[in-house]
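K.L.:
Can you read through this structure? Questions will come right after.
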Amino acid sequence: MTVFRLTSLIAAALLATGATAYAQSLSPQQKAFRDIYQQLIEINTTDSVGDTTQAAQAMAARLRAAGFSVADMQIIVPPGGPKKGNLVARLKGSGAKKPLLLLAHLDVVEAKREDWERDPFKLIEENGYFYARGAADDKAMAAAFVANMIRMKQEGFVPNRDILLVLTADEEIIPSKFSGIEYLLKNHRDLIDAALALNEGGTGLIDKNGRYLYHGMQAGEKVFQTYRLEVTNPGGHSARPSKDNAIYHLADGLSRLARFDFPFKLNAVTRSYFERTSQLETGPIAADMKALTRDPPDQEAITRLTAIPMYGSIMRTTCVATMLDAGHATNALPQRARAVVNCRILPGESVDEVQRTLVRVLANDKIKIAPDGQAVLSPVPPLTPEIMKPIEQISAQLWPGVPVIPTMSAGATDARFLNNAGIPTYGISGMFRDADCSGVHGLNERIRVKSLYECHEFLYRLTKGLSS
């Protein structure tokens, strides 16, 4: 089905009789995909009460029913984590090339029913959107990969390389002793070794009028490192206060951090992002994007764009206070004050130097700083013709005139582990989201119905394009 026919069917259905008519317009492949998507959504995979092993087993059953043998699949559960299972499945190819890895995570961020307008663990189709926890992050991509593996198997498609489906646990938990991708790399590298990987992280952007602005492809991400800050003090009676107060020391240091900016820096991906996006923006923002890519960059333009979080976050390393804990009684001086500072470090910058910078900025030797976990470096994967050409060609087929723009994620995905292990990993999904990020990690997460089916088709074509 071409994108033009798909789009017309969607539009006609929504304008005519709503969701029921739309469901009747789906192709057999789309119906099968929607069933898989709904099943995944309605299996709770939160850290608190969820079970990714159950989700992995459900997807394995789907693959077996489609003709995958038991030998083609493994459900891998780490010791001590019975509900933290992962699935690795293989569509065997000719072996002419090293495998292609399709990566998605099964776990989702917590969601409380009392906070949501709808049940977060029931797939709700309403007003042209699917609503649910994981609707976009990341069960849309996981379901699309499963559906496409089944579709290719049923077609008798023999790729020129094995295609590996890898569905993991605990991507959303940082750090986690049950991180699926870390466990697989450490203990089952042979099962997931690949020439390159496709992952979440790259999404398209839709403006408020429903216009597709660009199709983003993530190439690299900032390095995640958290620090724990602590000030201790003998304390005492609150009736006899002292300026030597653990809370004051910590608060003063955090206040200095709030006013500090790490240096501005662009790499090849972020420079390309601002150069290309400046052609889509208008007015002062477009002018500022052009100004910061000049040599030398315009400092006032940098200041203005820094104030916009989605731009400022990719121009420099950032460190921000995220948690506080202090005191032990209302009528006692605090004996301890703690804070958590989360840093997102530009690729190629020194993690150790960031910690030294924190020490200088906090400027108080009473504040002890300790890293929480060890940062995983995330080299930027190369933008080679092998990956860029099929992405650009298929994007042009589905969304004529919508440019593909490389992006660097300010967040963290499982790509950092694969990139660090020498498997170049690219975030590309064919999903287009609203400018507000569609509630990802927040309340009432959603994805446009139209965009979900486009994601399904795009990933099918891209997977075949990279393996034939």
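Residues are named by chain letter and number: chains run A, B, ... in the order of the structure tokens, numbers start at 1 in each chain, and ligands are numbered from 1 in the order shown.
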Identify, on the basis of only C-alpha atoms, every residue whose closest approach to stretch 274-283 of chain A does not exceed 12 Å; exclude the query and any residue fewer than 4 positions from it along the same chain; express the result as a VMD selection string.
P.N.:
chain A and resid 205 207 211 to 216 266 to 270 287 to 294 302 305 310 to 312 314 to 315 401 to 408
K.L.:
Next, the residues of the selection above should be written as a CSV table (one decimal), in the first residue's frame with C-alpha atoms.
P.N.:
```csv
chain,number,residue,atom,x,y,z
A,205,LEU,CA,8.4,16.5,14.0
A,207,ASP,CA,3.8,21.3,13.7
A,211,ARG,CA,2.5,19.6,8.7
A,212,TYR,CA,5.5,17.2,8.6
A,213,LEU,CA,8.6,19.4,9.2
A,214,TYR,CA,11.4,16.9,9.1
A,215,HIS,CA,12.3,13.2,9.7
A,216,GLY,CA,14.9,13.0,12.4
A,266,LEU,CA,29.0,21.8,18.1
A,267,ASN,CA,30.0,18.4,16.5
A,268,ALA,CA,29.4,17.2,13.0
A,269,VAL,CA,25.8,16.0,13.7
A,270,THR,CA,24.6,19.0,15.7
A,287,ALA,CA,18.5,33.7,12.0
A,288,ASP,CA,20.0,32.6,15.3
A,289,MET,CA,20.6,29.0,14.0
A,290,LYS,CA,22.5,30.4,11.0
A,291,ALA,CA,24.4,32.7,13.3
A,292,LEU,CA,25.7,30.0,15.7
A,293,THR,CA,27.0,27.9,12.8
A,294,ARG,CA,29.2,30.7,11.5
A,302,ILE,CA,23.9,31.2,21.4
A,305,LEU,CA,18.9,29.5,21.7
A,310,MET,CA,15.4,21.5,23.0
A,311,TYR,CA,18.2,23.5,21.4
A,312,GLY,CA,20.3,24.4,24.4
A,314,ILE,CA,22.4,19.7,22.4
A,315,MET,CA,24.8,22.7,22.3
A,401,GLY,CA,9.7,17.0,0.3
A,402,VAL,CA,10.2,16.2,4.0
A,403,PRO,CA,14.0,16.3,4.7
A,404,VAL,CA,15.9,13.8,6.7
A,405,ILE,CA,17.9,15.6,9.4
A,406,PRO,CA,20.6,13.9,11.6
A,407,THR,CA,20.1,14.7,15.3
A,408,MET,CA,22.0,14.0,18.5
```
K.L.:
From a DSSP pass on the backbone, collect the residues of stretch 235-325 of chain A flagged as strand (DSSP E) and hand them back as a list in words.
P.N.:
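Strand (DSSP E) members of stretch 235-325 of chain A, listed: Gly236, His237, Thr318, Cys319, Val320, Ala321, Thr322, Met323, Leu324 and Asp325 of chain A.
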K.L.:
Could you turn the residues from that selection into a file that holds N, CA and C atoms, as an mmCIF file, in the first residue's frame?
P.N.:
```
data_model
loop_
_atom_site.group_PDB
_atom_site.id
_atom_site.type_symbol
_atom_site.label_atom_id
_atom_site.label_comp_id
_atom_site.auth_asym_id
_atom_site.auth_seq_id
_atom_site.Cartn_x
_atom_site.Cartn_y
_atom_site.Cartn_z
ATOM 1 N N GLY A 236 22.664 19.972 65.805
ATOM 2 C CA GLY A 236 22.432 20.587 67.112
ATOM 3 C C GLY A 236 20.996 21.041 67.240
ATOM 4 N N HIS A 237 20.743 21.825 68.288
ATOM 5 C CA HIS A 237 19.383 22.312 68.559
ATOM 6 C C HIS A 237 19.060 23.490 67.645
ATOM 7 N N THR A 318 25.355 19.517 30.060
ATOM 8 C CA THR A 318 24.474 20.089 31.075
ATOM 9 C C THR A 318 24.547 19.259 32.346
ATOM 10 N N CYS A 319 24.448 19.935 33.486
ATOM 11 C CA CYS A 319 24.353 19.287 34.787
ATOM 12 C C CYS A 319 23.253 19.990 35.570
ATOM 13 N N VAL A 320 22.290 19.215 36.053
ATOM 14 C CA VAL A 320 21.130 19.821 36.702
ATOM 15 C C VAL A 320 20.757 19.036 37.952
ATOM 16 N N ALA A 321 20.384 19.781 39.013
ATOM 17 C CA ALA A 321 19.920 19.144 40.238
ATOM 18 C C ALA A 321 18.561 18.501 39.991
ATOM 19 N N THR A 322 18.410 17.244 40.411
ATOM 20 C CA THR A 322 17.153 16.529 40.176
ATOM 21 C C THR A 322 16.493 16.011 41.454
ATOM 22 N N MET A 323 17.269 15.882 42.564
ATOM 23 C CA MET A 323 16.689 15.375 43.811
ATOM 24 C C MET A 323 17.373 16.050 45.005
ATOM 25 N N LEU A 324 16.587 16.240 46.099
ATOM 26 C CA LEU A 324 17.096 16.809 47.340
ATOM 27 C C LEU A 324 16.605 15.990 48.526
ATOM 28 N N ASP A 325 17.439 15.919 49.575
ATOM 29 C CA ASP A 325 17.054 15.231 50.803
ATOM 30 C C ASP A 325 17.908 15.820 51.922
#
```
K.L.:
Would you tabulate, counting only C-alpha atoms, all residues of stretch 210-309 of chain A that have an atom at most 9 Å from an atom of stretch 354-360 of chain A, showing the closest pair of atoms and their distance in Å to one decimal, sorted by chain then ascending number, as a Markdown table?
P.N.:
```
| residue | atom | partner | partner_atom | distance |
| --- | --- | --- | --- | --- |
| A:Tyr227 | CA | A:Gln355 | CA | 8.4 |
| A:Leu257 | CA | A:Leu358 | CA | 7.7 |
| A:Phe262 | CA | A:Thr357 | CA | 8.8 |
```
K.L.:
Restrict the selected residues to N, CA, C and O atoms and save them as a short mmCIF file (atom, residue, chain, number, x, y, z; two decimals), in the first residue's frame.
P.N.:
```cif
data_model
loop_
_atom_site.label_atom_id
_atom_site.label_comp_id
_atom_site.auth_asym_id
_atom_site.auth_seq_id
_atom_site.Cartn_x
_atom_site.Cartn_y
_atom_site.Cartn_z
N TYR A 227 25.73 12.30 39.67
CA TYR A 227 26.60 12.51 40.83
C TYR A 227 25.74 12.70 42.07
O TYR A 227 24.66 13.32 42.02
N LEU A 257 25.67 26.38 40.68
CA LEU A 257 25.53 25.48 39.54
C LEU A 257 24.39 25.94 38.62
O LEU A 257 24.51 25.86 37.40
N PHE A 262 28.08 25.20 30.86
CA PHE A 262 29.26 24.59 30.25
C PHE A 262 29.50 25.23 28.88
O PHE A 262 28.59 25.84 28.30
#
```
K.L.:
Among stretch 105-222 of chain A, which ones does DSSP place in alpha helix (DSSP H), written as a ChimeraX atom specification?
P.N.:
/A:139-155,180-187,189-192
K.L.:
With only C-alpha atoms as the basis for distance, which of A:Gln29, A:Thr226, A:Ser176, A:Asn364 is at the shortest distance from A:Leu250?
P.N.:
A:Asn364
K.L.:
Record the distance separating atom CA of A:Asn187 and atom CA of A:Ile150, expressed in Å with one decimal.
P.N.:
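Taking atom CA of A:Asn187 as the start and atom CA of A:Ile150 as the end point, the length is 27.0 Å.
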K.L.:
Would you list the contacts of A:Pro78 as an NGL selection string, taking every protein, DNA or RNA residue within 12 Å and counting only C-alpha atoms, but skipping same-chain residues closer than 2 positions in sequence?
P.N.:
:A and (52-53 or 75-76 or 80-87 or 168-170 or 176-184 or 186-188)
K.L.:
Can you write out as JSON lines which residues of stretch 189-275 of chain A fall within 12 Å of stretch 421-427 of chain A, alongside each residue's closest atom pair and its distance in Å to one decimal, counting only C-alpha atoms and ordering rows by chain and ascending residue number?
P.N.:
```
{"residue": "A:Arg189", "atom": "CA", "partner": "A:Ala421", "partner_atom": "CA", "distance": 9.7}
{"residue": "A:Ile192", "atom": "CA", "partner": "A:Ile423", "partner_atom": "CA", "distance": 9.8}
{"residue": "A:Asp193", "atom": "CA", "partner": "A:Ile423", "partner_atom": "CA", "distance": 7.7}
{"residue": "A:Ala194", "atom": "CA", "partner": "A:Ile423", "partner_atom": "CA", "distance": 6.4}
{"residue": "A:Ala195", "atom": "CA", "partner": "A:Ile423", "partner_atom": "CA", "distance": 6.0}
{"residue": "A:Leu196", "atom": "CA", "partner": "A:Pro424", "partner_atom": "CA", "distance": 4.9}
{"residue": "A:Ala197", "atom": "CA", "partner": "A:Thr425", "partner_atom": "CA", "distance": 4.6}
{"residue": "A:Leu198", "atom": "CA", "partner": "A:Tyr426", "partner_atom": "CA", "distance": 5.1}
{"residue": "A:Asn199", "atom": "CA", "partner": "A:Gly427", "partner_atom": "CA", "distance": 4.7}
{"residue": "A:Glu200", "atom": "CA", "partner": "A:Gly427", "partner_atom": "CA", "distance": 4.7}
{"residue": "A:Gly201", "atom": "CA", "partner": "A:Gly427", "partner_atom": "CA", "distance": 4.5}
{"residue": "A:Gly202", "atom": "CA", "partner": "A:Gly427", "partner_atom": "CA", "distance": 4.4}
{"residue": "A:Thr203", "atom": "CA", "partner": "A:Gly427", "partner_atom": "CA", "distance": 8.0}
{"residue": "A:Gly204", "atom": "CA", "partner": "A:Gly427", "partner_atom": "CA", "distance": 11.1}
{"residue": "A:His215", "atom": "CA", "partner": "A:Gly427", "partner_atom": "CA", "distance": 11.0}
{"residue": "A:Gly216", "atom": "CA", "partner": "A:Gly427", "partner_atom": "CA", "distance": 8.3}
{"residue": "A:Met217", "atom": "CA", "partner": "A:Gly427", "partner_atom": "CA", "distance": 5.5}
{"residue": "A:Gln218", "atom": "CA", "partner": "A:Gly427", "partner_atom": "CA", "distance": 4.4}
{"residue": "A:Ala219", "atom": "CA", "partner": "A:Tyr426", "partner_atom": "CA", "distance": 5.4}
{"residue": "A:Gly220", "atom": "CA", "partner": "A:Tyr426", "partner_atom": "CA", "distance": 7.6}
{"residue": "A:Glu221", "atom": "CA", "partner": "A:Gly427", "partner_atom": "CA", "distance": 9.8}
```
K.L.:
Please compute the atom CA of A:Pro263-atom CA of A:Leu346 distance, one decimal, in Å.
P.N.:
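So the two atoms, atom CA of A:Pro263 and atom CA of A:Leu346, lie 10.4 Å apart.
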K.L.:
Give me the residues near A:Tyr460 as number ranges by chain, where near means some atom within 12 Å (using only C-alpha atoms) and where sequence neighbours in that chain fewer than 3 positions away do not count.
P.N.:
A: 29-30, 33, 102, 141, 143-152, 157, 163, 198, 390-391, 394, 429-430, 453-457, 463-467
K.L.:
Quick one: of A:Val440, A:Arg316, A:Asp295, A:Asn245, who's nearest to A:Glu172, counting only C-alpha atoms?
P.N.:
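Of A:Val440, A:Arg316, A:Asp295, A:Asn245, the one nearest A:Glu172, counting only C-alpha atoms, is A:Val440.
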K.L.:
Please compute the atom CA of A:Ala104-atom CA of A:Ser438 distance, one decimal, in Å.
P.N.:
18.7 Å
K.L.:
Determine, counting only C-alpha atoms, which protein, DNA and RNA residues have an atom within 12 Å of an atom of A:Asp436; residues of the same chain fewer than 6 positions away are not included. Present the result as a list in words.
P.N.:
Leu205, Ile206, Asp207, Lys208, Met310, Gly442, Leu443, Asn444, Glu445, Arg446 and Ile447 of chain A
K.L.:
Hey, can you spit out that residue selection with N, CA and C atoms as a PDB file, in the first residue's frame?
P.N.:
```pdb
ATOM      1  N   LEU A 205       9.065  15.430  13.236  1.00  0.00           N
ATOM      2  CA  LEU A 205       8.378  16.508  13.951  1.00  0.00           C
ATOM      3  C   LEU A 205       7.201  17.007  13.129  1.00  0.00           C
ATOM      4  N   ILE A 206       6.057  17.132  13.800  1.00  0.00           N
ATOM      5  CA  ILE A 206       4.828  17.654  13.187  1.00  0.00           C
ATOM      6  C   ILE A 206       4.499  18.990  13.840  1.00  0.00           C
ATOM      7  N   ASP A 207       4.158  19.997  13.050  1.00  0.00           N
ATOM      8  CA  ASP A 207       3.791  21.282  13.652  1.00  0.00           C
ATOM      9  C   ASP A 207       2.324  21.275  14.076  1.00  0.00           C
ATOM     10  N   LYS A 208       1.869  22.385  14.660  1.00  0.00           N
ATOM     11  CA  LYS A 208       0.521  22.446  15.222  1.00  0.00           C
ATOM     12  C   LYS A 208      -0.562  22.339  14.160  1.00  0.00           C
ATOM     13  N   MET A 310      15.114  22.539  24.061  1.00  0.00           N
ATOM     14  CA  MET A 310      15.366  21.528  23.036  1.00  0.00           C
ATOM     15  C   MET A 310      16.596  21.853  22.195  1.00  0.00           C
ATOM     16  N   GLY A 442       5.577  11.237  30.300  1.00  0.00           N
ATOM     17  CA  GLY A 442       4.670  12.060  31.077  1.00  0.00           C
ATOM     18  C   GLY A 442       3.265  11.495  31.079  1.00  0.00           C
ATOM     19  N   LEU A 443       2.297  12.390  31.258  1.00  0.00           N
ATOM     20  CA  LEU A 443       0.897  11.978  31.322  1.00  0.00           C
ATOM     21  C   LEU A 443       0.304  11.809  29.930  1.00  0.00           C
ATOM     22  N   ASN A 444      -0.607  10.852  29.817  1.00  0.00           N
ATOM     23  CA  ASN A 444      -1.418  10.698  28.610  1.00  0.00           C
ATOM     24  C   ASN A 444      -0.574  10.564  27.349  1.00  0.00           C
ATOM     25  N   GLU A 445       0.443   9.730  27.412  1.00  0.00           N
ATOM     26  CA  GLU A 445       1.311   9.476  26.255  1.00  0.00           C
ATOM     27  C   GLU A 445       0.464   9.050  25.057  1.00  0.00           C
ATOM     28  N   ARG A 446       0.853   9.526  23.891  1.00  0.00           N
ATOM     29  CA  ARG A 446       0.039   9.271  22.703  1.00  0.00           C
ATOM     30  C   ARG A 446       0.910   9.229  21.457  1.00  0.00           C
ATOM     31  N   ILE A 447       0.321   8.682  20.390  1.00  0.00           N
ATOM     32  CA  ILE A 447       0.923   8.747  19.065  1.00  0.00           C
ATOM     33  C   ILE A 447      -0.217   8.845  18.067  1.00  0.00           C
TER      34      ILE A 447
END
```
